[in-house]
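Okay, so here's the structure we're looking at.
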Amino acid sequence: MTSNPISSAALRGAVDLSTLSQPDPATGAQDGNGLVIEGTDGGFQAIVTGTQKVPAIAVLWSRRLPASADFVEVVASVAVAYEGRFQLVTIDVDANPGLLQAFQVQSVPVTLGLVAGQPVPLFAGAQTAEQVGVYVDELLKLAAEHGVTGRVAVGAADEAETETELPPLHQEAFDAIERDDLDAAVDAYTRALAQNPADDEAAVGLAQVKLMQRTAGVDPQAARAAAAQAPGDISAQMLVADLDVLGGHVEDAFVRLVEVVRVTEGDERDTVREHLVELFAVVGTHDERVQKARRALMSALF
């Protein structure tokens, strides 16, 4: 491992998840103890959503390369040793071309972390269990900084869940996301906020689901072309910002919308400002990029 520990700066756009914006209710098979799940093209967005509660480590591998499959077993043994402090997601790149393209994998195995819905590059190639543990420790420190401290319950696959039971409306929202019913998820989170306006987790969940709704089925190239042709179209600019956040290009999204706020006024300015604040919630209010963008937004407004 390099001498520099993983920091919040690692949560940046090294991976483009924008092509995976439509979750599938089938998130993949689990192993016998619930610590290991299979990531698929259709189900990966639901897994990403789950990393708001429990950090994850994803290993991309290929059935055509036995050594990469052996490494998955190494990481699985580490997951057992950490007793549910992270979820292991295994991705067979041969069976999931969408994830292969999104992660821009040139060779396998490749390992990365997922914290609060954001990818964290870790390392390429196989490592020993001891070496993997060093990366895990650093990833868990980063997760703690972002308030992601849940665990996977160790037990039978049909009992695998986070140690802390979700509030009923939160569970209702998460179940809706897993079955690809985003409207129901929005409704559940909205009701949770009506019950408790200070429910930060519901606010974040609502912002994330709305982001998924807005980007579902969108052609990223067409959206970017439309925004380039119509710089004054706030809807086009906000859509590209959504795609940037979904793909991990957070700073690009914030810079784009701050500039739109700067050159608009009245209702249009308010619309863009509110949209930007919602994206702040998606990324996390304590993220250094959000804090920087908030200062830029204040400057643009006044």
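Every chain in the structure tokens has a letter given in the order shown (A, B, ...), and although residue numbers restart at 1 in each chain, ligands are simply numbered from 1 in the order shown.
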(message) Give me, as number ranges by chain, all polymer residues having an atom no more than 6 Å from range 141-149 of chain A, counting only C-alpha atoms and skipping those fewer than 4 positions away in the same chain.
(response) A: 53-54, 115
(request) Find the residues near Leu276 in chain A: any atom within 9 Å, counting only C-alpha atoms, skip ones fewer than 6 places away on the same chain, and give them as number ranges by chain. (result) A: 238, 241, 253-254, 257-258, 297
Next, write the just-selected residues to a file, as an mmCIF file, in the first residue's frame, keeping C-alpha atoms as the atom set.
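Full text of selection13.cif as output:
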data_model
loop_
_atom_site.group_PDB
_atom_site.id
_atom_site.type_symbol
_atom_site.label_atom_id
_atom_site.label_comp_id
_atom_site.auth_asym_id
_atom_site.auth_seq_id
_atom_site.Cartn_x
_atom_site.Cartn_y
_atom_site.Cartn_z
ATOM 1 C CA MET A 238 -29.259 20.551 -13.984
ATOM 2 C CA ALA A 241 -25.066 18.063 -13.051
ATOM 3 C CA ALA A 253 -21.510 19.271 -11.109
ATOM 4 C CA PHE A 254 -21.137 21.887 -8.397
ATOM 5 C CA LEU A 257 -24.621 24.862 -11.155
ATOM 6 C CA VAL A 258 -22.875 27.605 -9.187
ATOM 7 C CA LEU A 297 -22.772 29.479 -3.920
#
(request) DSSP on the backbone, then: every residue of range 50-187 of chain A marked helix (DSSP H, G or I), written as a ChimeraX atom specification. (result) /A:50,66-81,97-103,129-145,157-159,168-178,182-187
Kindly save the residues from that selection, with C-alpha atoms included, as a PDB file, in the first residue's frame.
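What ended up in selection_8.pdb:
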ATOM      1  CA  GLY A  50     -26.952   0.310   0.692  1.00  0.00           C
ATOM      2  CA  PRO A  66      -8.831 -18.789 -11.826  1.00  0.00           C
ATOM      3  CA  ALA A  67      -6.281 -16.648  -9.980  1.00  0.00           C
ATOM      4  CA  SER A  68      -8.805 -13.810  -9.796  1.00  0.00           C
ATOM      5  CA  ALA A  69     -11.417 -16.196  -8.405  1.00  0.00           C
ATOM      6  CA  ASP A  70      -8.885 -17.337  -5.805  1.00  0.00           C
ATOM      7  CA  PHE A  71      -8.380 -13.717  -4.759  1.00  0.00           C
ATOM      8  CA  VAL A  72     -12.130 -13.313  -4.200  1.00  0.00           C
ATOM      9  CA  GLU A  73     -11.829 -16.114  -1.641  1.00  0.00           C
ATOM     10  CA  VAL A  74      -8.979 -14.242   0.053  1.00  0.00           C
ATOM     11  CA  VAL A  75     -11.090 -11.106   0.419  1.00  0.00           C
ATOM     12  CA  ALA A  76     -14.035 -13.216   1.592  1.00  0.00           C
ATOM     13  CA  SER A  77     -11.863 -14.572   4.405  1.00  0.00           C
ATOM     14  CA  VAL A  78     -11.027 -10.988   5.382  1.00  0.00           C
ATOM     15  CA  ALA A  79     -14.729 -10.120   5.381  1.00  0.00           C
ATOM     16  CA  VAL A  80     -15.376 -12.958   7.817  1.00  0.00           C
ATOM     17  CA  ALA A  81     -12.563 -11.750  10.070  1.00  0.00           C
ATOM     18  CA  PRO A  97     -20.444  -5.845 -19.267  1.00  0.00           C
ATOM     19  CA  GLY A  98     -22.113  -2.697 -17.933  1.00  0.00           C
ATOM     20  CA  LEU A  99     -20.029  -2.773 -14.758  1.00  0.00           C
ATOM     21  CA  LEU A 100     -16.947  -3.660 -16.769  1.00  0.00           C
ATOM     22  CA  GLN A 101     -17.466  -0.508 -18.835  1.00  0.00           C
ATOM     23  CA  ALA A 102     -18.378   1.680 -15.867  1.00  0.00           C
ATOM     24  CA  PHE A 103     -15.252   0.754 -13.928  1.00  0.00           C
ATOM     25  CA  ALA A 129      -5.130 -11.215   3.335  1.00  0.00           C
ATOM     26  CA  GLU A 130      -2.846  -9.122   5.540  1.00  0.00           C
ATOM     27  CA  GLN A 131      -2.357  -6.527   2.803  1.00  0.00           C
ATOM     28  CA  VAL A 132      -6.103  -6.412   2.112  1.00  0.00           C
ATOM     29  CA  GLY A 133      -6.672  -5.801   5.819  1.00  0.00           C
ATOM     30  CA  VAL A 134      -4.544  -2.646   5.679  1.00  0.00           C
ATOM     31  CA  TYR A 135      -6.764  -1.237   2.940  1.00  0.00           C
ATOM     32  CA  VAL A 136      -9.884  -2.275   4.821  1.00  0.00           C
ATOM     33  CA  ASP A 137      -8.738  -0.438   7.944  1.00  0.00           C
ATOM     34  CA  GLU A 138      -8.204   2.760   5.990  1.00  0.00           C
ATOM     35  CA  LEU A 139     -11.544   2.421   4.201  1.00  0.00           C
ATOM     36  CA  LEU A 140     -13.358   1.937   7.501  1.00  0.00           C
ATOM     37  CA  LYS A 141     -11.729   5.088   8.863  1.00  0.00           C
ATOM     38  CA  LEU A 142     -13.006   7.011   5.845  1.00  0.00           C
ATOM     39  CA  ALA A 143     -16.452   5.458   6.263  1.00  0.00           C
ATOM     40  CA  ALA A 144     -16.563   6.533   9.899  1.00  0.00           C
ATOM     41  CA  GLU A 145     -15.717  10.107   8.888  1.00  0.00           C
ATOM     42  CA  ALA A 157     -28.272 -15.543   3.971  1.00  0.00           C
ATOM     43  CA  ASP A 158     -32.001 -15.043   4.436  1.00  0.00           C
ATOM     44  CA  GLU A 159     -31.280 -13.240   7.728  1.00  0.00           C
ATOM     45  CA  PRO A 168     -40.265   1.331   9.277  1.00  0.00           C
ATOM     46  CA  LEU A 169     -40.537   4.070   6.642  1.00  0.00           C
ATOM     47  CA  HIS A 170     -36.829   3.847   5.851  1.00  0.00           C
ATOM     48  CA  GLN A 171     -37.173   0.094   5.395  1.00  0.00           C
ATOM     49  CA  GLU A 172     -40.230   0.678   3.213  1.00  0.00           C
ATOM     50  CA  ALA A 173     -38.191   3.057   1.045  1.00  0.00           C
ATOM     51  CA  PHE A 174     -35.258   0.671   0.772  1.00  0.00           C
ATOM     52  CA  ASP A 175     -37.550  -2.231  -0.163  1.00  0.00           C
ATOM     53  CA  ALA A 176     -39.131  -0.033  -2.832  1.00  0.00           C
ATOM     54  CA  ILE A 177     -35.715   0.803  -4.272  1.00  0.00           C
ATOM     55  CA  GLU A 178     -34.835  -2.879  -4.460  1.00  0.00           C
ATOM     56  CA  LEU A 182     -38.766   4.745  -7.064  1.00  0.00           C
ATOM     57  CA  ASP A 183     -42.106   6.544  -6.726  1.00  0.00           C
ATOM     58  CA  ALA A 184     -42.899   4.443  -3.661  1.00  0.00           C
ATOM     59  CA  ALA A 185     -39.449   5.135  -2.232  1.00  0.00           C
ATOM     60  CA  VAL A 186     -39.982   8.895  -2.636  1.00  0.00           C
ATOM     61  CA  ASP A 187     -43.361   8.585  -0.933  1.00  0.00           C
TER      62      ASP A 187
END
(message) Report, in Å to a single decimal, how far apart CA of Asn96 in chain A and CA of Gly42 in chain A are.
(response) 8.8 Å
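CA of Gly284 in chain A is found 27.6 Å from CA of Ala124 in chain A.
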